[in-house]
$ cat protein00.cif   # mmCIF, C-alpha atoms and all ligand atoms
data_input
loop_
_atom_site.label_atom_id
_atom_site.label_comp_id
_atom_site.auth_asym_id
_atom_site.auth_seq_id
_atom_site.Cartn_x
_atom_site.Cartn_y
_atom_site.Cartn_z
CA MET Q 1 6.49 -32.61 58.70
CA ASN Q 2 4.87 -29.39 59.87
CA THR Q 3 6.84 -26.61 58.19
CA SER Q 4 4.69 -23.83 59.64
CA ILE Q 5 6.18 -23.97 63.14
CA VAL Q 6 8.29 -20.89 63.87
CA ARG Q 7 11.81 -22.07 64.64
CA PRO Q 8 14.11 -19.07 65.16
CA ALA Q 9 17.62 -20.03 64.20
CA ALA Q 10 19.38 -17.73 66.68
CA SER Q 11 21.30 -20.64 68.18
CA LEU Q 12 22.82 -21.83 64.91
CA PRO Q 13 26.60 -21.82 64.61
CA LEU Q 14 27.73 -18.98 62.33
CA GLU Q 15 28.69 -21.22 59.42
CA LEU Q 16 25.33 -22.99 59.48
CA ALA Q 17 23.43 -19.71 59.82
CA ARG Q 18 25.24 -18.56 56.67
CA GLU Q 19 24.23 -21.72 54.86
CA MET Q 20 20.58 -21.22 55.92
CA ARG Q 21 20.70 -17.62 54.68
CA SER Q 22 21.91 -18.89 51.31
CA ASN Q 23 19.16 -21.56 51.35
CA HIS Q 24 16.52 -18.90 52.00
CA ALA Q 25 17.97 -16.72 49.23
CA GLY Q 26 18.08 -19.70 46.86
CA GLU Q 27 14.51 -20.75 47.53
CA THR Q 28 13.43 -17.13 47.03
CA GLY Q 29 15.16 -17.22 43.65
CA ALA Q 30 13.50 -20.56 42.85
CA VAL Q 31 10.00 -19.25 43.55
CA TRP Q 32 10.71 -16.25 41.32
CA ILE Q 33 12.11 -18.41 38.52
CA TYR Q 34 8.70 -20.02 38.19
CA ARG Q 35 6.93 -16.68 38.50
CA GLY Q 36 9.08 -15.52 35.57
CA VAL Q 37 8.23 -18.65 33.60
CA LEU Q 38 4.50 -18.21 34.26
CA ALA Q 39 4.61 -14.49 33.40
CA VAL Q 40 6.03 -15.24 29.95
CA SER Q 41 4.72 -18.60 28.79
CA SER Q 42 1.28 -19.60 27.59
CA ASN Q 43 2.48 -23.08 26.63
CA ALA Q 44 0.36 -25.62 28.58
CA LYS Q 45 3.24 -28.07 29.15
CA ILE Q 46 5.57 -25.33 30.40
CA ARG Q 47 2.88 -23.87 32.66
CA SER Q 48 1.95 -27.18 34.23
CA PHE Q 49 5.66 -28.00 34.81
CA ALA Q 50 6.17 -24.56 36.40
CA LEU Q 51 3.01 -24.63 38.53
CA HIS Q 52 3.87 -28.05 39.90
CA HIS Q 53 7.45 -26.98 40.77
CA LEU Q 54 6.34 -23.61 42.13
CA GLU Q 55 4.19 -25.32 44.74
CA THR Q 56 7.21 -27.25 46.05
CA GLU Q 57 9.49 -24.19 46.00
CA GLU Q 58 6.92 -22.17 47.96
CA ARG Q 59 6.93 -24.87 50.65
CA HIS Q 60 10.73 -24.82 50.79
CA LEU Q 61 10.77 -21.03 51.01
CA GLN Q 62 8.12 -20.97 53.74
CA PHE Q 63 10.22 -23.28 55.88
CA PHE Q 64 13.21 -20.90 55.82
CA GLU Q 65 10.91 -17.86 56.17
CA ASP Q 66 9.65 -19.35 59.43
CA TRP Q 67 12.93 -20.75 60.59
CA LEU Q 68 15.25 -17.76 60.20
CA GLU Q 69 15.14 -14.54 62.17
CA PRO Q 70 14.53 -11.53 59.87
CA SER Q 71 18.06 -10.31 60.65
CA GLN Q 72 19.49 -13.61 59.38
CA LYS Q 73 18.06 -13.23 55.89
CA SER Q 74 19.99 -11.92 52.92
CA TRP Q 75 20.04 -8.14 52.38
CA LEU Q 76 19.93 -8.76 48.68
CA LEU Q 77 16.52 -10.45 48.42
CA PRO Q 78 15.27 -7.98 45.76
CA LEU Q 79 18.26 -8.98 43.62
CA TRP Q 80 17.58 -12.71 44.11
CA ARG Q 81 13.92 -12.17 43.17
CA LEU Q 82 14.83 -10.20 40.06
CA SER Q 83 17.53 -12.64 38.95
CA GLY Q 84 15.20 -15.59 39.47
CA TRP Q 85 12.42 -13.90 37.52
CA VAL Q 86 14.73 -12.99 34.61
CA LEU Q 87 16.18 -16.51 34.51
CA GLY Q 88 12.68 -17.99 34.38
CA ALA Q 89 11.46 -15.49 31.80
CA VAL Q 90 14.42 -16.11 29.45
CA ALA Q 91 14.06 -19.88 29.87
CA ALA Q 92 10.32 -19.78 29.13
CA ALA Q 93 10.80 -17.44 26.16
CA GLY Q 94 13.10 -20.10 24.69
CA GLY Q 95 10.34 -22.72 24.94
CA LEU Q 96 10.02 -26.11 26.59
CA VAL Q 97 13.54 -27.38 25.87
CA TRP Q 98 15.07 -24.16 27.23
CA THR Q 99 12.87 -24.35 30.32
CA HIS Q 100 13.81 -27.96 31.03
CA ALA Q 101 17.52 -27.34 30.38
CA SER Q 102 17.60 -24.23 32.60
CA ILE Q 103 15.85 -26.01 35.47
CA GLU Q 104 18.21 -28.97 35.13
CA ALA Q 105 21.17 -26.56 35.35
CA VAL Q 106 19.82 -24.79 38.44
CA GLU Q 107 18.77 -27.96 40.25
CA THR Q 108 22.04 -29.77 39.50
CA PHE Q 109 23.74 -26.97 41.40
CA VAL Q 110 21.11 -26.84 44.19
CA VAL Q 111 21.32 -30.57 44.94
CA LYS Q 112 25.11 -30.26 45.40
CA HIS Q 113 24.58 -27.15 47.52
CA TYR Q 114 22.22 -28.96 49.89
CA GLU Q 115 24.31 -32.14 49.98
CA ALA Q 116 27.36 -30.09 51.02
CA GLN Q 117 25.47 -29.13 54.20
CA PHE Q 118 24.75 -32.68 55.37
CA ALA Q 119 27.92 -33.10 57.46
CA ALA Q 120 27.53 -29.76 59.29
CA LEU Q 121 23.86 -30.54 59.93
CA ALA Q 122 24.73 -33.93 61.38
CA ASP Q 123 27.29 -32.25 63.69
CA HIS Q 124 24.74 -29.64 64.78
CA GLY Q 125 22.18 -32.33 65.56
CA ASP Q 126 18.86 -30.53 64.99
CA GLU Q 127 16.75 -33.40 63.71
CA GLU Q 128 13.95 -31.28 62.30
CA LEU Q 129 16.33 -29.04 60.34
CA THR Q 130 18.29 -32.05 59.08
CA ALA Q 131 15.07 -33.80 57.98
CA ALA Q 132 13.89 -30.65 56.18
CA ILE Q 133 17.16 -30.20 54.26
CA ASN Q 134 17.18 -33.90 53.35
CA LEU Q 135 13.63 -33.64 52.05
CA PHE Q 136 14.39 -30.47 50.08
CA ALA Q 137 17.51 -32.04 48.53
CA ALA Q 138 15.38 -35.01 47.42
CA ASP Q 139 12.72 -32.65 45.97
CA GLU Q 140 15.39 -30.73 44.04
CA ALA Q 141 16.87 -34.01 42.74
CA SER Q 142 13.45 -35.02 41.45
CA HIS Q 143 13.02 -31.58 39.80
CA ARG Q 144 16.45 -32.03 38.21
CA ASP Q 145 15.65 -35.52 36.96
CA GLU Q 146 12.24 -34.52 35.64
CA ALA Q 147 13.84 -31.69 33.63
CA ALA Q 148 16.73 -33.91 32.50
CA ALA Q 149 14.32 -36.53 31.13
CA ASP Q 150 13.80 -34.19 28.14
CA ASP Q 151 16.46 -35.53 25.79
CA SER Q 152 15.75 -33.06 22.98
CA LYS Q 153 18.83 -31.76 21.23
CA ARG Q 154 20.32 -28.67 22.89
CA SER Q 155 21.89 -25.96 20.77
CA LEU Q 156 25.33 -24.54 21.52
CA ILE Q 157 23.75 -21.31 22.72
CA LEU Q 158 21.47 -23.22 25.09
CA ARG Q 159 24.41 -25.15 26.48
CA ALA Q 160 26.28 -21.87 26.99
CA TRP Q 161 23.21 -20.41 28.74
CA CYS Q 162 23.04 -23.42 31.05
CA TRP Q 163 26.69 -23.00 31.94
CA ILE Q 164 26.02 -19.34 32.79
CA VAL Q 165 22.99 -20.36 34.90
CA GLY Q 166 25.05 -22.87 36.90
CA PHE Q 167 27.95 -20.44 37.34
CA ALA Q 168 25.65 -17.56 38.35
CA SER Q 169 23.83 -19.78 40.88
CA GLU Q 170 27.16 -20.68 42.45
CA GLN Q 171 28.23 -17.01 42.70
CA ALA Q 172 24.83 -15.98 44.09
CA VAL Q 173 25.13 -18.56 46.88
CA LYS Q 174 28.63 -17.35 47.75
CA ILE Q 175 27.31 -13.79 48.04
CA ALA Q 176 24.15 -14.80 49.93
CA ARG Q 177 26.22 -16.64 52.56
CA MET Q 178 27.80 -13.30 53.46
CA LEU Q 179 25.15 -10.67 52.71
FE FE K 201 13.58 -25.59 46.43
FE FE K 202 13.53 -27.13 43.03
#

$ encode --input "protein00.cif" --output "structure tokens"
Amino acid sequence: MNTSIVRPAASLPLELAREMRSNHAGETGAVWIYRGVLAVSSNAKIRSFALHHLETEERHLQFFEDWLEPSQKSWLLPLWRLSGWVLGAVAAAGGLVWTHASIEAVETFVVKHYEAQFAALADHGDEELTAAINLFAADEASHRDEAAADDSKRSLILRAWCWIVGFASEQAVKIARML
């Protein structure tokens, strides 16, 4: 799939345009999570995990960058960048187990977020957009599963952090749909 073609989304129904704005905001956050990880960690395993994921997230982000009109993007992009960076930095500061657990928490939410769009996408009928979202959902599921394969013991504080990460991701998406 060529994700570099400019596909303005002016004709999207309002609800779907809102979903795409939240997707763009979410992929912005994802790119900045890994920038935060890479800014903080010198651990080779963490860095290679982050670099590999960052490449995928940059592709996802580029798709929505090209696809949406500037006016359809979230007004709060600086906040999504900052929150992503802080999330990644805290996760990386905690080490490999924290990084894996945090990414699992984010991606568990993101997979559900993308899957919830499948019905509206099928109704809308844009095959290229539907194929892109399907592909991204599969990428996020593989990120989730890769992170979840780390079965190291998770402390109570880490489990609380992961709950906060999942909850905050959900709230951010609700806000990004509107603003
Ligand atoms: Fe992504
Ligand atoms: Fe991802």

$ residues_around --input "protein00.cif" --residues "His52 of chain Q" --least-positions-apart "2" --cutoff "12 Å" --atoms "only C-alpha atoms" --output "ChimeraX atom specification"
/Q:31,34-35,38,45-50,54-59,139,142-143,146

$ residues_near_ligand --input "protein00.cif" --ligand "ligand FE 201 (chain K)" --cutoff "7 Å" --atoms "only C-alpha atoms and all ligand atoms" --output "VMD selection string"
chain Q and resid 27 30 56 to 57 60 136 140

$ closest_residue --input "protein00.cif" --among "Q:Cys162, Q:Ala131, Q:Ala39, Q:Leu121" --to "Ala17 of chain Q" --atoms "only C-alpha atoms"
Q:Leu121

$ residues_around --input "protein00.cif" --residues "segment 74-90 of chain Q" --least-positions-apart "3" --cutoff "7 Å" --atoms "all atoms listed in the file" --output "PyMOL selection string"
chain Q and resi 21+25+28-30+32-37+40+93-94+176+179

$ residues_around --input "protein00.cif" --residues "Ser169 of chain Q" --least-positions-apart "3" --cutoff "9 Å" --atoms "all atoms listed in the file" --output "PyMOL selection string"
chain Q and resi 26+106+109-110+164-166+172-174

$ closest_residue --input "protein00.cif" --among "Q:Asn23, Q:Gln117, Q:Gln171, Q:Ser42" --to "ligand FE 202 (chain K)" --atoms "all atoms listed in the file"
Q:Asn23

$ atom_distance --input "protein00.cif" --atom1 "atom CA of Gly125 of chain Q" --atom2 "atom CA of Leu12 of chain Q"
10.5 Å

$ decode --input "protein00.cif" --residues "segment 152-168 of chain Q" --atoms "N, CA and C atoms" --output "short mmCIF file (atom, residue, chain, number, x, y, z; two decimals), in the first residue's frame"
data_model
loop_
_atom_site.label_atom_id
_atom_site.label_comp_id
_atom_site.auth_asym_id
_atom_site.auth_seq_id
_atom_site.Cartn_x
_atom_site.Cartn_y
_atom_site.Cartn_z
N SER Q 152 7.78 -11.33 32.94
CA SER Q 152 8.41 -10.97 34.22
C SER Q 152 7.35 -10.48 35.20
N LYS Q 153 7.63 -10.69 36.47
CA LYS Q 153 6.68 -10.28 37.50
C LYS Q 153 6.52 -8.76 37.50
N ARG Q 154 5.28 -8.30 37.62
CA ARG Q 154 5.00 -6.87 37.64
C ARG Q 154 4.58 -6.44 39.04
N SER Q 155 5.25 -5.41 39.54
CA SER Q 155 4.95 -4.91 40.89
C SER Q 155 3.57 -4.27 40.91
N LEU Q 156 3.07 -4.05 42.12
CA LEU Q 156 1.77 -3.39 42.28
C LEU Q 156 1.81 -1.99 41.67
N ILE Q 157 2.92 -1.30 41.88
CA ILE Q 157 3.01 0.07 41.36
C ILE Q 157 3.02 0.06 39.83
N LEU Q 158 3.66 -0.94 39.25
CA LEU Q 158 3.66 -1.03 37.79
C LEU Q 158 2.27 -1.33 37.27
N ARG Q 159 1.56 -2.20 37.97
CA ARG Q 159 0.19 -2.52 37.53
C ARG Q 159 -0.72 -1.29 37.65
N ALA Q 160 -0.48 -0.50 38.71
CA ALA Q 160 -1.26 0.74 38.87
C ALA Q 160 -0.92 1.72 37.74
N TRP Q 161 0.36 1.82 37.41
CA TRP Q 161 0.80 2.69 36.31
C TRP Q 161 0.14 2.28 34.98
N CYS Q 162 0.09 0.98 34.75
CA CYS Q 162 -0.51 0.48 33.50
C CYS Q 162 -2.00 0.81 33.44
N TRP Q 163 -2.65 0.73 34.59
CA TRP Q 163 -4.07 1.10 34.62
C TRP Q 163 -4.22 2.58 34.26
N ILE Q 164 -3.36 3.41 34.83
CA ILE Q 164 -3.41 4.85 34.55
C ILE Q 164 -3.16 5.10 33.05
N VAL Q 165 -2.19 4.38 32.49
CA VAL Q 165 -1.86 4.54 31.06
C VAL Q 165 -3.07 4.20 30.18
N GLY Q 166 -3.73 3.10 30.49
CA GLY Q 166 -4.91 2.68 29.72
C GLY Q 166 -6.04 3.69 29.87
N PHE Q 167 -6.27 4.14 31.10
CA PHE Q 167 -7.35 5.09 31.38
C PHE Q 167 -7.07 6.43 30.68
N ALA Q 168 -5.81 6.89 30.79
CA ALA Q 168 -5.44 8.18 30.19
C ALA Q 168 -5.55 8.11 28.66
#
